[in-house]
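**Q** Got protein-v6.txt for you, compact mmCIF, C-alpha atoms:
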# COMPACT_ATOMS: atom_id res chain seq x y z
CA MET A 1 -139.15 114.88 46.96
CA THR A 2 -139.78 117.22 49.90
CA GLY A 3 -138.83 120.89 49.83
CA ALA A 4 -135.94 120.31 52.22
CA ALA A 5 -134.65 117.39 50.15
CA THR A 6 -134.91 119.43 46.95
CA ALA A 7 -132.96 122.30 48.52
CA ALA A 8 -130.28 119.89 49.75
CA ALA A 9 -129.92 118.36 46.28
CA GLU A 10 -129.67 121.79 44.64
CA THR A 11 -126.96 122.84 47.09
CA ALA A 12 -125.00 119.64 46.48
CA THR A 13 -125.24 120.14 42.71
CA SER A 14 -124.15 123.78 42.81
CA LEU A 15 -121.12 122.95 44.97
CA ALA A 16 -120.16 119.75 43.15
CA ASP A 17 -117.47 121.33 40.97
CA ALA A 18 -115.87 123.23 43.85
CA LEU A 19 -115.89 120.14 46.04
CA GLY A 20 -114.90 117.78 43.23
CA TYR A 21 -117.59 115.38 44.38
CA ARG A 22 -121.30 114.66 43.95
CA PHE A 23 -123.04 113.54 47.12
CA GLU A 24 -125.02 110.32 47.21
CA ARG A 25 -126.70 111.72 50.32
CA PRO A 26 -127.13 115.48 49.75
CA ALA A 27 -128.65 115.82 53.21
CA LEU A 28 -125.19 115.31 54.69
CA LEU A 29 -123.87 118.38 52.87
CA ALA A 30 -126.96 120.35 53.87
CA GLN A 31 -126.30 119.45 57.51
CA ALA A 32 -122.66 120.51 57.16
CA LEU A 33 -123.84 123.95 56.03
CA THR A 34 -126.46 124.39 58.75
CA HIS A 35 -125.51 126.54 61.73
CA PRO A 36 -126.81 125.23 65.09
CA SER A 37 -128.72 128.48 65.59
CA VAL A 38 -131.19 127.49 62.86
CA ALA A 39 -133.06 125.03 65.09
CA PRO A 40 -133.98 125.98 68.68
CA ALA A 41 -132.56 124.08 71.65
CA ARG A 42 -135.96 124.08 73.39
CA GLY A 43 -137.21 120.54 73.94
CA ARG A 44 -133.89 118.83 73.28
CA ARG A 45 -132.89 116.46 76.04
CA PRO A 46 -129.67 117.20 77.98
CA GLY A 47 -126.62 115.79 76.26
CA ALA A 48 -128.41 115.29 72.94
CA ALA A 49 -126.67 116.42 69.76
CA ALA A 50 -127.58 119.89 68.53
CA PRO A 51 -128.94 120.07 64.98
CA GLY A 52 -126.49 121.53 62.52
CA TYR A 53 -122.88 121.00 61.67
CA GLU A 54 -121.18 120.52 65.05
CA ARG A 55 -120.87 116.71 64.94
CA LEU A 56 -119.67 116.79 61.34
CA GLU A 57 -117.21 119.54 62.29
CA PHE A 58 -115.83 117.28 65.03
CA LEU A 59 -115.27 114.49 62.49
CA GLY A 60 -113.93 116.77 59.76
CA ASP A 61 -111.31 118.22 62.08
CA ARG A 62 -109.82 114.75 62.61
CA VAL A 63 -109.94 113.84 58.92
CA LEU A 64 -108.27 117.12 57.95
CA GLY A 65 -105.48 116.59 60.48
CA LEU A 66 -104.79 113.07 59.24
CA VAL A 67 -104.72 113.97 55.54
CA VAL A 68 -102.62 117.12 55.96
CA ALA A 69 -100.19 115.24 58.21
CA GLU A 70 -99.66 112.65 55.48
CA LEU A 71 -99.25 115.35 52.80
CA LEU A 72 -96.57 117.02 54.93
CA TYR A 73 -94.86 113.72 55.73
CA ARG A 74 -94.47 112.96 52.04
CA ALA A 75 -93.67 116.51 50.90
CA PHE A 76 -90.92 117.25 53.44
CA PRO A 77 -88.98 114.00 53.98
CA GLY A 78 -86.00 115.77 55.53
CA GLU A 79 -87.85 117.73 58.19
CA SER A 80 -88.08 116.85 61.87
CA GLU A 81 -91.29 116.04 63.70
CA GLY A 82 -91.20 119.48 65.31
CA ALA A 83 -91.01 121.30 61.98
CA LEU A 84 -93.82 119.18 60.54
CA ALA A 85 -95.94 119.90 63.61
CA GLN A 86 -95.47 123.64 63.10
CA ARG A 87 -96.56 123.35 59.49
CA LEU A 88 -99.56 121.24 60.47
CA ALA A 89 -100.70 123.73 63.11
CA ALA A 90 -100.58 126.56 60.58
CA LEU A 91 -102.46 124.62 57.91
CA VAL A 92 -105.37 123.44 60.09
CA ARG A 93 -105.94 126.67 62.00
CA ARG A 94 -109.04 128.82 61.58
CA ASP A 95 -107.50 131.28 59.10
CA SER A 96 -106.55 128.52 56.65
CA LEU A 97 -109.97 126.90 56.90
CA ALA A 98 -111.73 130.23 56.36
CA ARG A 99 -109.59 130.88 53.26
CA VAL A 100 -110.58 127.52 51.82
CA ALA A 101 -114.24 128.17 52.65
CA GLY A 102 -113.96 131.41 50.68
CA ALA A 103 -112.30 129.70 47.73
CA VAL A 104 -115.01 127.03 47.66
CA GLY A 105 -117.80 129.61 48.01
CA LEU A 106 -119.52 128.18 51.08
CA ALA A 107 -120.87 131.46 52.47
CA PRO A 108 -123.94 131.85 50.20
CA HIS A 109 -125.00 128.28 50.96
CA LEU A 110 -124.90 128.53 54.76
CA ALA A 111 -128.19 128.08 56.56
CA LEU A 112 -128.19 130.65 59.36
CA SER A 113 -130.74 131.98 61.79
CA ARG A 114 -131.94 135.48 61.08
CA GLY A 115 -129.88 136.81 63.97
CA GLU A 116 -126.68 135.13 62.76
CA ALA A 117 -127.22 136.32 59.20
CA GLU A 118 -127.93 139.92 60.23
CA GLY A 119 -124.91 139.79 62.54
CA GLY A 120 -122.57 139.10 59.63
CA GLY A 121 -122.34 135.33 60.05
CA ARG A 122 -121.52 134.75 56.40
CA ASP A 123 -118.38 136.85 56.82
CA ASN A 124 -117.40 135.38 60.19
CA PRO A 125 -114.06 133.53 59.76
CA SER A 126 -114.74 131.26 62.74
CA LEU A 127 -118.15 130.22 61.43
CA LEU A 128 -116.78 129.66 57.92
CA ALA A 129 -113.92 127.57 59.32
CA ASP A 130 -116.34 125.42 61.31
CA ALA A 131 -118.54 124.86 58.25
CA CYS A 132 -115.49 123.94 56.14
CA GLU A 133 -114.49 121.27 58.66
CA ALA A 134 -118.08 120.01 58.66
CA VAL A 135 -118.03 119.71 54.86
CA ILE A 136 -114.90 117.57 55.12
CA GLY A 137 -116.71 115.38 57.63
CA ALA A 138 -119.68 115.09 55.26
CA LEU A 139 -117.40 114.13 52.35
CA TYR A 140 -115.84 111.42 54.50
CA LEU A 141 -119.17 109.98 55.65
CA ASP A 142 -120.69 110.01 52.17
CA GLY A 143 -117.79 108.66 50.13
CA GLY A 144 -115.03 107.57 52.48
CA LEU A 145 -111.53 108.93 52.85
CA ALA A 146 -110.76 109.21 49.11
CA PRO A 147 -113.07 112.15 48.21
CA ALA A 148 -112.21 113.93 51.45
CA ALA A 149 -108.49 113.52 50.74
CA ARG A 150 -108.91 114.74 47.15
CA PHE A 151 -110.71 117.85 48.36
CA ILE A 152 -108.10 118.54 51.03
CA GLY A 153 -105.23 117.98 48.61
CA ARG A 154 -106.79 120.32 46.04
CA TYR A 155 -107.14 123.24 48.43
CA TRP A 156 -104.43 122.66 51.04
CA ARG A 157 -101.51 121.74 48.79
CA PRO A 158 -101.16 125.36 47.51
CA LEU A 159 -101.20 126.61 51.11
CA MET A 160 -98.59 124.01 52.03
CA GLU A 161 -96.30 124.87 49.12
CA ALA A 162 -96.53 128.61 49.80
CA GLU A 163 -94.45 128.21 52.99
CA ALA A 164 -90.79 127.63 52.11
CA ARG A 165 -89.87 127.34 55.79
CA PRO A 166 -91.84 125.94 58.71
CA PRO A 167 -93.77 128.81 60.33
CA GLN A 168 -92.57 129.67 63.81
CA ASP A 169 -95.03 128.98 66.58
CA ALA A 170 -96.51 132.26 67.85
CA LYS A 171 -95.85 131.35 71.49
CA THR A 172 -92.18 130.71 70.75
CA ALA A 173 -91.85 133.95 68.80
CA LEU A 174 -93.47 135.95 71.63
CA GLN A 175 -91.27 134.29 74.25
CA GLU A 176 -88.14 135.12 72.25
CA TRP A 177 -89.32 138.71 71.83
CA ALA A 178 -89.90 139.09 75.59
CA GLN A 179 -86.57 137.49 76.48
CA GLY A 180 -84.80 139.74 74.02
CA LEU A 181 -86.07 142.74 75.98
CA GLY A 182 -85.27 141.17 79.34
CA LEU A 183 -88.95 140.81 80.26
CA PRO A 184 -90.49 138.01 82.35
CA LEU A 185 -91.99 135.12 80.40
CA PRO A 186 -95.55 135.59 79.07
CA VAL A 187 -98.31 134.34 81.39
CA TYR A 188 -101.33 132.43 80.04
CA ASP A 189 -104.51 131.92 82.07
CA THR A 190 -107.65 130.08 80.96
CA VAL A 191 -110.54 132.45 81.70
CA ALA A 192 -113.50 130.65 80.10
CA ARG A 193 -114.68 127.40 78.55
CA GLU A 194 -117.84 127.35 76.45
CA GLY A 195 -119.64 125.06 74.03
CA PRO A 196 -120.62 121.38 74.14
CA PRO A 197 -118.24 118.75 75.57
CA HIS A 198 -117.34 117.38 72.13
CA ALA A 199 -116.46 120.82 70.73
CA PRO A 200 -115.37 123.13 73.57
CA LEU A 201 -114.19 126.68 72.98
CA PHE A 202 -111.50 127.97 75.35
CA ALA A 203 -110.65 131.59 76.11
CA VAL A 204 -107.13 132.29 77.36
CA GLU A 205 -105.85 135.61 78.67
CA LEU A 206 -102.24 136.49 77.88
CA ARG A 207 -100.27 138.98 79.95
CA VAL A 208 -96.86 140.39 79.12
CA GLU A 209 -95.20 143.06 81.22
CA GLY A 210 -95.80 146.51 79.77
CA GLN A 211 -98.61 145.38 77.44
CA SER A 212 -102.39 145.31 77.76
CA PRO A 213 -103.83 141.81 78.31
CA VAL A 214 -104.97 139.96 75.19
CA VAL A 215 -107.56 137.16 74.98
CA GLY A 216 -107.32 134.33 72.45
CA ARG A 217 -109.89 131.65 71.68
CA GLY A 218 -109.52 128.14 70.32
CA ARG A 219 -110.83 124.58 70.35
CA SER A 220 -108.08 123.61 72.81
CA LYS A 221 -106.15 125.49 75.48
CA ARG A 222 -103.02 125.29 73.34
CA ALA A 223 -104.84 126.69 70.31
CA ALA A 224 -106.27 129.53 72.42
CA GLU A 225 -102.79 130.33 73.76
CA ARG A 226 -101.40 130.42 70.23
CA ALA A 227 -104.24 132.69 69.13
CA ALA A 228 -103.54 135.09 72.01
CA ALA A 229 -99.81 135.11 71.25
CA ALA A 230 -100.46 135.73 67.55
CA ALA A 231 -102.83 138.60 68.37
CA LEU A 232 -100.27 140.28 70.62
CA LEU A 233 -97.48 139.80 68.06
CA ALA A 234 -99.71 141.48 65.49
CA CYS A 235 -100.27 144.43 67.83
CA LEU A 236 -96.52 144.68 68.39
CA ASN A 237 -95.84 144.27 64.64
CA VAL A 238 -93.54 141.35 65.43
CA HIS A 239 -93.38 138.49 62.97
CA GLY A 240 -92.45 134.90 63.80
Output the file's structure in the form of structure tokens.
**A**
Amino acid sequence: MTGAATAAAETATSLADALGYRFERPALLAQALTHPSVAPARGRRPGAAAPGYERLEFLGDRVLGLVVAELLYRAFPGESEGALAQRLAALVRRDSLARVAGAVGLAPHLALSRGEAEGGGRDNPSLLADACEAVIGALYLDGGLAPAARFIGRYWRPLMEAEARPPQDAKTALQEWAQGLGLPLPVYDTVAREGPPHAPLFAVELRVEGQSPVVGRGRSKRAAERAAAAALLACLNVHG
């Protein structure tokens, strides 16, 4: 067994209890924990996949959404589609993923470039959230939907049950706050788009009369808008 294969197997073994699963292909888990900065982009043809977790993150995001949607559908039979959508958005956002990554203990196992590690990458909520999604993708590819669903149920059900009421969307809460003061509606402008086509990162600037502009980031324009609204609400000490 090569050194890389041995390291992958050791990582899979040490995380087995937290994940509730033993990988048949430990290399998949190792890939899910590898930040793209570890391998240089030099020499990679245009459009080729970057090494690291980005493709698994793309897959894991979809698996997470499906499983959590079904959990919510069964747990709240009397709620409308809108209320379920609000719960879903809260459960699959970066903060929830980073919390699960912390509970699982992913940080020590992340493979980071020296620059990322020295820059605090192991404590970066966005990076931890991305790796958590990638782990879900790896679970799905290695064992199918069942182990991925068991993992998601184990860690997301407590988060789901902690919310007695559907959380209010940050954009709605901010709009109601502004209208309550007689202010014009908040204005959202997309100011940047970064990252590869399959996993873009949007930056949206939010402006509200009388307040300094705030920038939010997310994997979609809507997510970036919500992030900006949530950031401004936090500054204003307004809760949805």
**Q** Which protein, DNA or RNA residues have an atom at most 8 Å from (-109.7, 123.1, 76.6), counting only C-alpha atoms? List them as a ChimeraX atom specification.
**A** /A:193,200-202,219-222
**Q** I need the chosen residues saved as an mmCIF file, in the frame of the given file, with C-alpha atoms.
**A**
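After the write, result-v2.cif holds the following:
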data_model
loop_
_atom_site.group_PDB
_atom_site.id
_atom_site.type_symbol
_atom_site.label_atom_id
_atom_site.label_comp_id
_atom_site.auth_asym_id
_atom_site.auth_seq_id
_atom_site.Cartn_x
_atom_site.Cartn_y
_atom_site.Cartn_z
ATOM 1 C CA ARG A 193 -114.680 127.400 78.550
ATOM 2 C CA PRO A 200 -115.370 123.130 73.570
ATOM 3 C CA LEU A 201 -114.190 126.680 72.980
ATOM 4 C CA PHE A 202 -111.500 127.970 75.350
ATOM 5 C CA ARG A 219 -110.830 124.580 70.350
ATOM 6 C CA SER A 220 -108.080 123.610 72.810
ATOM 7 C CA LYS A 221 -106.150 125.490 75.480
ATOM 8 C CA ARG A 222 -103.020 125.290 73.340
#
**Q** What are the closest atom pairs, with distances in Å to one decimal, for each residue of stretch 128-158 of chain A lying within 9 Å of stretch 84-98 of chain A, using all atoms listed in the file, rows by chain and rising residue number, as CSV?
**A**
residue,atom,partner,partner_atom,distance
A:Leu128,CA,A:Ala98,CA,5.3
A:Ala129,CA,A:Ala98,CA,4.5
A:Asp130,CA,A:Leu97,CA,7.9
A:Ala131,CA,A:Ala98,CA,8.9
A:Cys132,CA,A:Leu97,CA,6.3
A:Glu133,CA,A:Leu97,CA,7.4
A:Trp156,CA,A:Leu91,CA,7.4
**Q** Please, which residues in stretch 47-165 of chain A fall within 7 Å of stretch 25-36 of chain A when counting only C-alpha atoms, and what is the closest atom pair and distance in Å to one decimal for each, ordered by chain then residue number, as a tab-separated table?
**A**
residue	atom	partner	partner_atom	distance
A:Ala50	CA	A:Pro36	CA	6.4
A:Pro51	CA	A:Pro36	CA	5.6
A:Gly52	CA	A:Pro36	CA	4.5
A:Tyr53	CA	A:Ala32	CA	4.5
A:Leu56	CA	A:Ala32	CA	6.3
A:His109	CA	A:Leu33	CA	6.8
A:Leu110	CA	A:Leu33	CA	4.9
A:Ala111	CA	A:Thr34	CA	4.6
A:Leu112	CA	A:His35	CA	5.4
A:Ala131	CA	A:Leu33	CA	5.8
A:Ala134	CA	A:Ala32	CA	4.8
A:Val135	CA	A:Ala32	CA	5.2
A:Ala138	CA	A:Leu28	CA	5.5
A:Asp142	CA	A:Arg25	CA	6.5
**Q** Using all atoms listed in the file, can you tell me which of A:Ala203, A:Ala229, A:Ala146, A:Leu59 comes closest to A:Thr172?
**A**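 Closest candidate: A:Ala229.
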**Q** Between atom CA of A:Arg99 and atom CA of A:Gly82, what is the distance in Å, rounded to a tenth?
**A**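 Distance between the two atoms: 24.8 Å.
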**Q** So how far away is atom CA of A:Ala224 from atom CA of A:Pro166, in Å?
**A**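 Taking atom CA of A:Pro166 as the start and atom CA of A:Ala224 as the end point, the length is 20.2 Å.
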**Q** Report the distance between atom CA of A:Leu145 and atom CA of A:Val63 in Å, rounded to one decimal place.
**A**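 Taking atom CA of A:Leu145 as the start and atom CA of A:Val63 as the end point, the length is 8.0 Å.
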**Q** A:Gly180, A:Gly137, A:Gly120, A:Pro147: which is nearest A:Asp61, counting only C-alpha atoms?
**A** A:Gly137
**Q** Do you know which residues are at most 12 Å from A:Pro186 counting only C-alpha atoms, after dropping those on the same chain fewer than 4 positions away, and could you put them as a VMD selection string?
**A** chain A and resid 170 to 179 182 205 to 214 225 to 226 228 to 229 232 to 233
**Q** When distances are computed from only C-alpha atoms, which of A:Gly143, A:Val67, A:Ser37, A:Gly20 shows the smallest separation from A:Gly121?
**A**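 Smallest separation from A:Gly121 among the options: A:Ser37.
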**Q** Smallest atom-to-atom distance to A:Pro196: which of A:Leu19, A:Arg55, A:Gly78, A:Glu10, using all atoms listed in the file?
**A**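 Between A:Leu19, A:Arg55, A:Gly78, A:Glu10, the residue approaching A:Pro196 most closely is A:Arg55.
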